[in-house]
Amino acid sequence: MQPFKFIRAQDSHAAITAALTNNAKFIAGGTNMIDLMKLNIEKPTQVIDINGLKLDKIEIFSNGTIRIGALVKNSDLAYHPTIIKSYPVLSEALLSGASAQLRNMATVGGNLLQRTRCPYFYDTTYPCNKRAPGSGCSALNGYNRNNAVLGTSDKCIATHPSDMCVALAALGAVIHVQSDSGVREIPFNEFHLLPGETPQFETTLKHGELIIAVDIPAIAYGARSHYLKVRDRASYEFALSSAAVALDIKNGRILTARVALGGIGTKPWRSLAAEKVLMGAVNNEQSYRTAAEAALSGAKPYQHNAFKIELAKRTLVRALATVGGMS
Amino acid sequence: MNELVGKPLDRVDGRLKVTGAATYSAEYYPGNLAYGVIIESAIPKGRLKNLDTSVAEKAPGVLKIMTSQNSMSLHFPAGSDPGNGKYAEKDLLPLQSERIFYGGQAIAVVIAETFEQAEHAAMLIKADYDKDKPVFSLEKNIDQAYKPKQGLGGSEVQIKRGDADNALQSAAVTIEETYTTPVYHHNAMEPHATIAEWKGDELMMYDATQSVMGSKNLMANMLGVKPEKVRLISLYIGGGFGSKGFSWPNTVLTAMAAKLVGRPVKLVLSRQQMFTNAGRRTQTIQKISLGTDNAGKLNAIKHATTSETSFVDEFVEPAGIATAMLYSSPNADISHSLVRLNKGTPCPTRAPGEAPGTFAIEAAMDELAYKLKMDPVELRLLNYAETEEQKNKPFSSKNLKECYRQGADAIGWKQRNPQPGSMQEGNYLIGYGMATATYPANRSASTAKAILFADGHAEILCGTQDIGTGTYTIMTQIAADAFALPMEKVKVKLGDSSYPKGANSGGSQVSASVGPAIRAAALGAVNKLIKMAIADSGSPLHGHKEEDIVAANGRLYVAKTNSGESYEQLLSRNGGKVEALATTNVSTRQQEANPAAKSGAEEEAEKESKTNAVVQDDEKTDRKPYAFHSFGAQFVKLRVDKQLGTVHIDKIVSIMDIGKVLNLKTAKNQIMGGIIFGIGMALMEGTGYDPNDGRVVTRDLAQYLVPVHADMPEFDIRFIDKPDPYISPIGARGIGEIGITGITAAINNAIYHATGKRVRDLPVTADKLI
């Protein structure tokens with residue numbers, strides 16, 4: 001680990017000012033960043049502790065919007081009664097991630113910025129365009145069973161690891177970020193970037209910007225939602241494939257649908273194509289399968305992960321069937 | 001007297017461990033301690049051309065950077081028996097040349113004032129290599145396979161009886177299938193850790209090892225110092241599973257680093273380094289051929305294993321050895337081949353051989369049962385081996401039929417519909433599977449010292465170690481019974497090479513080897529006490545006959561009259577303590593490889609043992625006519641998600657025939673631990689290698705999956721608990737390894753029963769079932 005200066009910010013302004021120095025990083029839960037620092041992947045010279053910033057509230061506005069502070073712990077969000085009742089998809093996604101100990105430390109803001117678990121990203125002796133731009137992608141023709149099949153490029157096929165983000169993508173969350181020039185809002189789908197030619201850039205967050213909150217706009221049928229995660233062991237493991245879905249159903253027809261996929265994309269994968277198929281469709285297995293085919297239509301398999309395409313379809317079908325069968 | 005042995009007592013060191021008071025090898029802080037960090041090769045084969053340490057040397061806190069240029073020279077180690085010291089890379093002494101044989105090989109050690117400074121300097125070192133083309137694929141280099149002459153400790157690995165090829169040709173029913181298992185890493189909780197401190201020509205070490213005696217001998221041997229100048233301590237060990245059975249470069253490098261800087265040095269492997277520098281179980285390709293008559297009686301068994309070894313040592317994963325004795329068959333052909341690869345050396349991993357081997361043979365037996373349309377339990381009963389047919393000896397004790405019976409009852413075997421894919425519950429397919437477990441019962445020579453003190457407490461000293469299995473606890477039970485004292489009055493001291501030589505923790509042998517020595521020493525001490533009382537005119541027992549005197553609850557008395565006195569009273573008049581040494585020179589192994597020179601203490605113990613009636617009785621038993629093996633039956637009920645291919649195990653029933661149970665709680669714990677290892681093998685474990693350069697890419701516990709609580713089934717673990725009449729007066733056979741055997745096949749067989757899909761390549765992950 002590279003030696004670094006550690007400072008504790010008292011308020012957002014101080015944190016943002018400190019972050020404008022070169023090579024500074026905010027730290028909240030630290031559940032991912034400290035690992036990355038130990039492995040010489042993140043090498044900040046200044047670490048700014050933002051845990052004192054009082055961004056740890058969950059507020060519910062009269063229009064139904066839920067505002068989640070960036071420092072709300074994953075476990076606190078997962079067990080919040082309104083989230084459990086109105087957006088089970090989010091609670092289930094959070095609880096399917098990591099372990100109880102990690103969820104007690106990890107924050108919502110930090111989870112948005114989780115880095116990939118591609119093994120080559122974690123081993124500095126291998127080329128990796130995300131870690132060392134221009135060095136090459138070792139996963140492309142390497143050990144890529146857990147890598148992505150959607151949104152990949154010939155520069156990077158790393159999977160986005162977060163479960164929470166898949167649920168937030170489905171719910172159309174909005175991210176609030178603050179900088180020295182004020183606060184701006186970023187729609188969830190515009191927050192994470194595809195790797196393209198520059199996999200080292202993962203979000204549209206700018207230098208010196210601090211995530212302060214995530215809004216969930218009211219979704220009347222949010223209670224009819226579900227997160228399903230398929231993985232190699234029953235807990236404490238990233239998804240092979242996952243699906244976050246919410247369905248508005250009337251008289252056997254799907255009026256509106258929200259669909260996002262995890263474990264298979266280079267970013268949390270909202271599937272507007274699947275949603276389009278489902279909108280107005282009969283609430284049955286055939287519609288689910290058609291939606292799943294649409295969701296994975298652009299998927300590109302690599303040597304060890306071709307199975308993920310069919311597995312992701314089945315995961316989505318099962319999640320839709322679960323919600324579709326809810327009374 | 002047998003009051004404590006067998007009881008499900010809590011661990012005597014449990015409280016120390018859960019409160020953090022137990023000192024593991026990295027948890028000592030000698031004055032002026034410095035910290036070492038190993039730098040690894042980033043290429044799998046070639047030569048280190050240049051190591052630029054100029055920036056690192058100037059980094060804060062750096063004391064020295066040890067390379068092949070400034071490290072002390074080492075002696076090539078002799079010996080291949082872990083009990084006497086086995087270096088894992090016999091042809092590659094660390095930091096003695098620039099040649100590189102595998103990715104992760106040590107190329108330098110940074111030594112600094114603090115661990116953080118050493119880690120920081122490590123990232124500033126730049127290595128340049130002359131790269132060679134590595135050989136790393138077992139499948140692609142199978143034409144390079146050769147047949148090793150022998151396995152670990154000189155064991156036989158090419159075994160034949162009759163003519164299996166010929167018998168297969170004339171068999172009415174045959175099965176011929178290939179089963180494959182990936183590389184597994186042990187992943188003990190405690191990483192390999194060493195502290196070394198030189199005091200003049202004396203070397204003091206703390207080392208996480210499964211063999212304090214072996215590790216000590218080896219350090220003396222490699223560093224060129226006399227064994228009596230080295231003392232090595234390993235009081236608590238956070239699991240070994242074989243990875244701490246051999247000595248790896250980290251241990252000797254720590255001693256070399258301490259010499260170089262003239263200060264004590266601590267060196268702990270990182271989790272990532274545990275995947276390259278501390279052993280592994282090799283990949284195996286196992287071809288099984290079975291031939292039977294129309295009724296299902298075996299006439300031929302062939303088990304051909306191809307596995308890997310490194311370019312710096314030879315290790316054979318003896319996957320076929322259990323197959324040689326598991327079932328009755330006039331013809332058997334067990335063979336092992338090796339391919340050398342540019343990977344770290346493999347080594348024993350919990351049930352080396354039996355773990356992957358029983359997967360192959362027991363999955364094949366299941367396939368045979370379905371082909372014969374027979375119940376898998378019935379097929380095993382039909383081919384039951386009443387004797388050990390390869391050696392043509394009776395078993396010392398075998399109750400496997402009872403294991404099958406109890407296991408089948410407990411899992412509800414009769415309720416299962418034998419048709420694969422026939423049992424469904426909603427989205428799930430239900431499957432039942434079973435397999436046989438087996439592991440040899442080993443025993444080797446051990447020495448122990450017993451001391452009774454005037455304050456009424458007693459101590460046992462023995463240079464074996466508790467690798468986390470409960471050795472302290474069961475040895476306290478054995479000693480307390482023998483001393484006729486309560487548990488809390490007995491202190492068992494292990495894990496110090498200055499104690500009399502105990503067995504290494506390998507081959508599930510500690511209970512069977514050390515237990516009898518400790519018992520004999522404790523009984524010897526009590527016998528000395530009785531003689532002392534008879535001779536002491538101040539004792540109420542003065543002049544009584546030895547055979548009339550009984551020891552109980554820390555007191556000696558005449559059985560008829562109850563007249564007597566406490567150990568305290570007697571000892572306080574007679575010098576304050578009494579000591580006894582006992583050596584039990586018993587070995588059930590094929591041979592003792594490279595017996596080490598005996599120390600003065602061991603010679604003294606052997607001499608004293610000639611007059612110890614307990615030892616004499618034990619050694620009088622003729623063990624040569626018997627084959628010593630433990631057996632068990634593993635039964636599994638599980639469910640497979642029809643569409644998603646995920647497997648959840650509902651219940652595992654494990655019925656074990658392991659001789660006398662010493663402590664029901666630690667025994668169940670051992671079997672459960674083995675089974676959980678097997679769940680990992682069956683469903684998720686396997687080390688990932690880069691397909692382009694052959695280096696490990698799954699280098700932490702997030703990338704290398706082991707089972708977690710949520711994967712756990714309901715366990716029903718039971719023991720037959722019949723003492724083995726020949727292994728020792730205690731009758732216990734070791735249980736560290738048998739739990740992992742058979743279970744992988746039982747799970748695999750249950751998956752087949754659930755789905756109708758036979759997956760012969762482990763692990764069975766969702767992608768193989770959808």
# chains A, B, ... in the order shown; residues from 1 in each chain; ligands from 1
$ residues_around --residues "segment 227-241 of chain A" --least-positions-apart "3" --cutoff "9 Å" --atoms "only C-alpha atoms" --output "ChimeraX atom specification"
/A:88-93,96-99,117,145-147,161-163,166-167,244-245,261-264,308-309,311-313,315-316,318-319 /B:644,646-648,683-684,702-703,705-711,765-766
$ write_last_selection --atoms "N, CA and C atoms" --output "short mmCIF file (atom, residue, chain, number, x, y, z; two decimals), in the first residue's frame"
data_model
loop_
_atom_site.label_atom_id
_atom_site.label_comp_id
_atom_site.auth_asym_id
_atom_site.auth_seq_id
_atom_site.Cartn_x
_atom_site.Cartn_y
_atom_site.Cartn_z
N PRO A 88 -39.70 -3.98 -2.41
CA PRO A 88 -38.97 -5.19 -1.97
C PRO A 88 -37.78 -5.52 -2.87
N VAL A 89 -37.86 -5.15 -4.14
CA VAL A 89 -36.75 -5.43 -5.07
C VAL A 89 -35.44 -4.85 -4.54
N LEU A 90 -35.51 -3.67 -3.94
CA LEU A 90 -34.30 -3.01 -3.46
C LEU A 90 -33.79 -3.67 -2.19
N SER A 91 -34.72 -3.97 -1.29
CA SER A 91 -34.32 -4.64 -0.05
C SER A 91 -33.70 -6.01 -0.35
N GLU A 92 -34.34 -6.75 -1.25
CA GLU A 92 -33.83 -8.09 -1.59
C GLU A 92 -32.47 -8.01 -2.28
N ALA A 93 -32.31 -7.02 -3.15
CA ALA A 93 -31.02 -6.87 -3.84
C ALA A 93 -29.92 -6.58 -2.83
N SER A 96 -29.00 -9.59 -0.79
CA SER A 96 -28.36 -10.68 -1.53
C SER A 96 -26.87 -10.38 -1.76
N GLY A 97 -26.46 -9.16 -1.41
CA GLY A 97 -25.06 -8.78 -1.65
C GLY A 97 -24.20 -8.97 -0.43
N ALA A 98 -22.95 -9.31 -0.65
CA ALA A 98 -21.91 -9.36 0.38
C ALA A 98 -22.34 -10.19 1.59
N SER A 99 -21.92 -9.75 2.77
CA SER A 99 -22.25 -10.45 4.02
C SER A 99 -22.82 -9.42 4.98
N ARG A 117 -15.11 -7.12 -10.04
CA ARG A 117 -14.33 -8.21 -9.41
C ARG A 117 -13.59 -9.04 -10.47
N ARG A 145 -15.04 -16.67 -17.03
CA ARG A 145 -16.33 -17.28 -16.68
C ARG A 145 -17.28 -16.27 -16.05
N ASN A 146 -16.74 -15.38 -15.22
CA ASN A 146 -17.61 -14.42 -14.52
C ASN A 146 -17.73 -13.08 -15.23
N ASN A 147 -17.19 -12.97 -16.43
CA ASN A 147 -17.21 -11.68 -17.11
C ASN A 147 -18.54 -11.44 -17.83
N PRO A 161 -20.37 -5.29 -10.50
CA PRO A 161 -20.67 -6.30 -9.47
C PRO A 161 -21.88 -6.03 -8.59
N SER A 162 -22.40 -4.81 -8.59
CA SER A 162 -23.38 -4.43 -7.56
C SER A 162 -24.75 -5.06 -7.78
N ASP A 163 -25.37 -5.48 -6.70
CA ASP A 163 -26.77 -5.90 -6.72
C ASP A 163 -27.69 -4.70 -6.53
N VAL A 166 -28.54 -2.75 -9.60
CA VAL A 166 -29.48 -3.36 -10.54
C VAL A 166 -30.91 -2.98 -10.14
N ALA A 167 -31.17 -3.04 -8.83
CA ALA A 167 -32.51 -2.65 -8.36
C ALA A 167 -32.75 -1.15 -8.60
N ALA A 244 -33.83 -7.73 -11.60
CA ALA A 244 -34.69 -6.88 -10.77
C ALA A 244 -35.90 -6.54 -11.63
N VAL A 245 -37.08 -6.90 -11.13
CA VAL A 245 -38.27 -6.63 -11.93
C VAL A 245 -39.40 -6.05 -11.08
N LEU A 261 -30.98 -6.13 -15.27
CA LEU A 261 -30.24 -7.39 -15.11
C LEU A 261 -28.87 -7.10 -14.48
N GLY A 262 -28.40 -8.10 -13.73
CA GLY A 262 -27.08 -7.99 -13.11
C GLY A 262 -26.23 -9.21 -13.40
N GLY A 263 -24.94 -9.08 -13.16
CA GLY A 263 -24.01 -10.20 -13.32
C GLY A 263 -23.62 -10.48 -14.75
N ILE A 264 -24.24 -9.79 -15.69
CA ILE A 264 -24.00 -10.09 -17.10
C ILE A 264 -23.59 -8.86 -17.90
N LYS A 308 -23.99 -17.92 -19.57
CA LYS A 308 -24.67 -16.82 -18.88
C LYS A 308 -25.85 -16.28 -19.69
N ILE A 309 -25.78 -16.39 -20.99
CA ILE A 309 -26.84 -15.83 -21.83
C ILE A 309 -28.14 -16.58 -21.55
N LEU A 311 -28.67 -18.58 -18.96
CA LEU A 311 -28.96 -18.49 -17.52
C LEU A 311 -29.65 -17.16 -17.20
N ALA A 312 -29.19 -16.08 -17.83
CA ALA A 312 -29.79 -14.76 -17.57
C ALA A 312 -31.25 -14.73 -18.05
N LYS A 313 -31.49 -15.36 -19.17
CA LYS A 313 -32.87 -15.41 -19.67
C LYS A 313 -33.77 -16.15 -18.67
N THR A 315 -33.21 -16.61 -15.55
CA THR A 315 -33.31 -15.85 -14.31
C THR A 315 -34.41 -14.79 -14.43
N LEU A 316 -34.42 -14.12 -15.58
CA LEU A 316 -35.43 -13.08 -15.78
C LEU A 316 -36.82 -13.69 -15.86
N ARG A 318 -37.86 -16.41 -14.44
CA ARG A 318 -38.26 -16.82 -13.09
C ARG A 318 -38.68 -15.60 -12.25
N ALA A 319 -37.91 -14.52 -12.38
CA ALA A 319 -38.23 -13.32 -11.59
C ALA A 319 -39.57 -12.74 -12.03
N LEU B 644 -32.76 -23.20 -13.22
CA LEU B 644 -31.57 -22.38 -12.92
C LEU B 644 -30.33 -23.22 -12.63
N THR B 646 -29.19 -24.53 -9.96
CA THR B 646 -28.51 -24.42 -8.67
C THR B 646 -28.87 -25.61 -7.79
N VAL B 647 -27.91 -26.00 -6.95
CA VAL B 647 -28.08 -27.18 -6.10
C VAL B 647 -28.13 -26.74 -4.65
N HIS B 648 -29.10 -27.23 -3.92
CA HIS B 648 -29.08 -27.04 -2.47
C HIS B 648 -29.20 -28.39 -1.77
N LEU B 683 -19.47 -28.87 -5.36
CA LEU B 683 -20.36 -27.85 -5.93
C LEU B 683 -19.71 -26.53 -6.34
N MET B 684 -18.55 -26.17 -5.79
CA MET B 684 -18.08 -24.81 -6.11
C MET B 684 -16.58 -24.61 -6.16
N ALA B 702 -12.80 -14.34 -2.18
CA ALA B 702 -13.95 -13.87 -2.95
C ALA B 702 -13.93 -14.53 -4.34
N GLN B 703 -12.73 -14.86 -4.82
CA GLN B 703 -12.62 -15.48 -6.15
C GLN B 703 -12.62 -17.00 -6.07
N LEU B 705 -14.16 -19.94 -4.21
CA LEU B 705 -15.32 -20.11 -3.35
C LEU B 705 -15.20 -21.35 -2.47
N VAL B 706 -15.44 -21.15 -1.19
CA VAL B 706 -15.64 -22.27 -0.27
C VAL B 706 -17.07 -22.14 0.26
N PRO B 707 -17.64 -23.24 0.74
CA PRO B 707 -19.04 -23.16 1.18
C PRO B 707 -19.21 -22.19 2.35
N VAL B 708 -20.38 -21.57 2.42
CA VAL B 708 -20.72 -20.67 3.52
C VAL B 708 -21.93 -21.26 4.27
N HIS B 709 -22.29 -20.63 5.36
CA HIS B 709 -23.38 -21.17 6.19
C HIS B 709 -24.65 -21.43 5.38
N ALA B 710 -24.96 -20.50 4.49
CA ALA B 710 -26.21 -20.63 3.74
C ALA B 710 -26.22 -21.87 2.84
N ASP B 711 -25.04 -22.46 2.59
CA ASP B 711 -24.98 -23.67 1.77
C ASP B 711 -25.16 -24.94 2.61
N THR B 765 -21.36 -26.92 -11.13
CA THR B 765 -21.94 -25.58 -11.03
C THR B 765 -23.17 -25.49 -11.94
N ALA B 766 -23.90 -24.40 -11.76
CA ALA B 766 -25.19 -24.25 -12.47
C ALA B 766 -25.03 -24.41 -13.98
#
$ closest_atom_pairs --of "segment 335-421 of chain B" --to "segment 671-680 of chain B" --cutoff "10 Å" --atoms "only C-alpha atoms" --output "tab-separated table"
residue	atom	partner	partner_atom	distance
B:Arg350	CA	B:Gly674	CA	7.9
B:Ala351	CA	B:Gly674	CA	9.1
B:Ala355	CA	B:Gly678	CA	7.9
B:Pro356	CA	B:Gly678	CA	9.5
B:Phe359	CA	B:Gly678	CA	9.5
$ select_by_dssp --residues "segment 120-219 of chain A" --states "helix (DSSP H, G or I)" --output "list in words"
Tyr120, Phe121, Tyr122, Met164, Cys165, Val166, Ala167, Leu168, Ala169, Ala170, Leu171, Phe188, Asn189 and Glu190 of chain A
$ closest_atom_pairs --of "chain A" --to "chain B" --cutoff "6 Å" --atoms "only C-alpha atoms" --output "tab-separated table"
residue	atom	partner	partner_atom	distance
A:Met1	CA	B:His120	CA	5.1
A:Gln2	CA	B:His120	CA	5.6
A:Pro119	CA	B:Val697	CA	5.9
A:Thr125	CA	B:Ala42	CA	6.0
A:Gly142	CA	B:Pro691	CA	5.7
A:Tyr143	CA	B:Asp690	CA	5.5
A:Ala234	CA	B:Ala710	CA	5.4
A:Ser235	CA	B:Ala710	CA	5.9
A:Phe307	CA	B:Asp767	CA	5.8
$ atom_distance --atom1 "atom CA of Gly151 of chain A" --atom2 "atom CA of Leu320 of chain A"
22.7 Å
$ residues_around --residues "Arg99 of chain B" --least-positions-apart "2" --cutoff "12 Å" --atoms "only C-alpha atoms" --output "number ranges by chain"
B: 41, 43-50, 68, 91-97, 101-103, 105-107, 129-132, 311-312, 342
$ residues_around --residues "segment 202-219 of chain A" --least-positions-apart "2" --cutoff "6 Å" --atoms "only C-alpha atoms" --output "list in words"
Ile16, Ala19, Leu20, Gly64, Thr65, Ile66, Arg67, Ile68, Gly69, Ala70, Ala173, Val174, Ile175, His176, Val177, Gln178, Ser179, Phe191, His192, Leu193, Tyr221 and Gly222 of chain A
$ closest_residue --among "B:Asn527, B:Ser397, B:Ser566, B:Asn70" --to "Ala454 of chain B" --atoms "only C-alpha atoms"
B:Ser566
$ residues_around --residues "Arg131 of chain A" --least-positions-apart "6" --cutoff "7 Å" --atoms "only C-alpha atoms" --output "NGL selection string"
:A and (41 or 121 or 200)
$ select_by_dssp --residues "segment 193-314 of chain A" --states "strand (DSSP E or B)" --output "number ranges by chain"
A: 203, 210-216, 225-230, 241-250, 253-262, 265, 269-270, 282
$ atom_distance --atom1 "atom CA of Phe483 of chain B" --atom2 "atom CA of Gly468 of chain B"
24.6 Å
$ closest_residue --among "B:Glu314, B:Asp143, B:Asp721, B:Glu57" --to "Lys7 of chain B" --atoms "only C-alpha atoms"
B:Asp721
$ decode --residues "segment 521-534 of chain B" --atoms "N, CA and C atoms" --output "PDB file, in the first residue's frame"
ATOM      1  N   ALA B 521       2.565 -42.901  29.457  1.00  0.00           N
ATOM      2  CA  ALA B 521       3.401 -42.045  30.314  1.00  0.00           C
ATOM      3  C   ALA B 521       2.652 -41.696  31.603  1.00  0.00           C
ATOM      4  N   ALA B 522       1.374 -41.355  31.485  1.00  0.00           N
ATOM      5  CA  ALA B 522       0.594 -40.980  32.665  1.00  0.00           C
ATOM      6  C   ALA B 522       0.417 -42.179  33.597  1.00  0.00           C
ATOM      7  N   LEU B 523       0.107 -43.326  33.020  1.00  0.00           N
ATOM      8  CA  LEU B 523      -0.030 -44.535  33.851  1.00  0.00           C
ATOM      9  C   LEU B 523       1.315 -44.900  34.475  1.00  0.00           C
ATOM     10  N   GLY B 524       2.383 -44.658  33.722  1.00  0.00           N
ATOM     11  CA  GLY B 524       3.736 -44.905  34.245  1.00  0.00           C
ATOM     12  C   GLY B 524       4.023 -44.022  35.444  1.00  0.00           C
ATOM     13  N   ALA B 525       3.594 -42.780  35.371  1.00  0.00           N
ATOM     14  CA  ALA B 525       3.816 -41.848  36.482  1.00  0.00           C
ATOM     15  C   ALA B 525       3.024 -42.285  37.711  1.00  0.00           C
ATOM     16  N   VAL B 526       1.785 -42.713  37.485  1.00  0.00           N
ATOM     17  CA  VAL B 526       0.953 -43.171  38.612  1.00  0.00           C
ATOM     18  C   VAL B 526       1.568 -44.421  39.227  1.00  0.00           C
ATOM     19  N   ASN B 527       2.090 -45.303  38.372  1.00  0.00           N
ATOM     20  CA  ASN B 527       2.744 -46.508  38.877  1.00  0.00           C
ATOM     21  C   ASN B 527       3.964 -46.168  39.735  1.00  0.00           C
ATOM     22  N   LYS B 528       4.710 -45.168  39.314  1.00  0.00           N
ATOM     23  CA  LYS B 528       5.865 -44.723  40.114  1.00  0.00           C
ATOM     24  C   LYS B 528       5.400 -44.177  41.459  1.00  0.00           C
ATOM     25  N   LEU B 529       4.268 -43.508  41.412  1.00  0.00           N
ATOM     26  CA  LEU B 529       3.700 -42.930  42.634  1.00  0.00           C
ATOM     27  C   LEU B 529       3.295 -44.047  43.607  1.00  0.00           C
ATOM     28  N   ILE B 530       2.713 -45.078  43.062  1.00  0.00           N
ATOM     29  CA  ILE B 530       2.304 -46.219  43.901  1.00  0.00           C
ATOM     30  C   ILE B 530       3.537 -46.857  44.559  1.00  0.00           C
ATOM     31  N   LYS B 531       4.583 -47.034  43.763  1.00  0.00           N
ATOM     32  CA  LYS B 531       5.824 -47.620  44.299  1.00  0.00           C
ATOM     33  C   LYS B 531       6.411 -46.714  45.379  1.00  0.00           C
ATOM     34  N   MET B 532       6.298 -45.391  45.121  1.00  0.00           N
ATOM     35  CA  MET B 532       6.794 -44.407  46.080  1.00  0.00           C
ATOM     36  C   MET B 532       6.049 -44.540  47.415  1.00  0.00           C
ATOM     37  N   ALA B 533       4.729 -44.724  47.342  1.00  0.00           N
ATOM     38  CA  ALA B 533       3.904 -44.838  48.555  1.00  0.00           C
ATOM     39  C   ALA B 533       4.252 -46.102  49.336  1.00  0.00           C
ATOM     40  N   ILE B 534       4.439 -47.184  48.600  1.00  0.00           N
ATOM     41  CA  ILE B 534       4.748 -48.457  49.249  1.00  0.00           C
ATOM     42  C   ILE B 534       6.073 -48.351  49.999  1.00  0.00           C
TER      43      ILE B 534
END
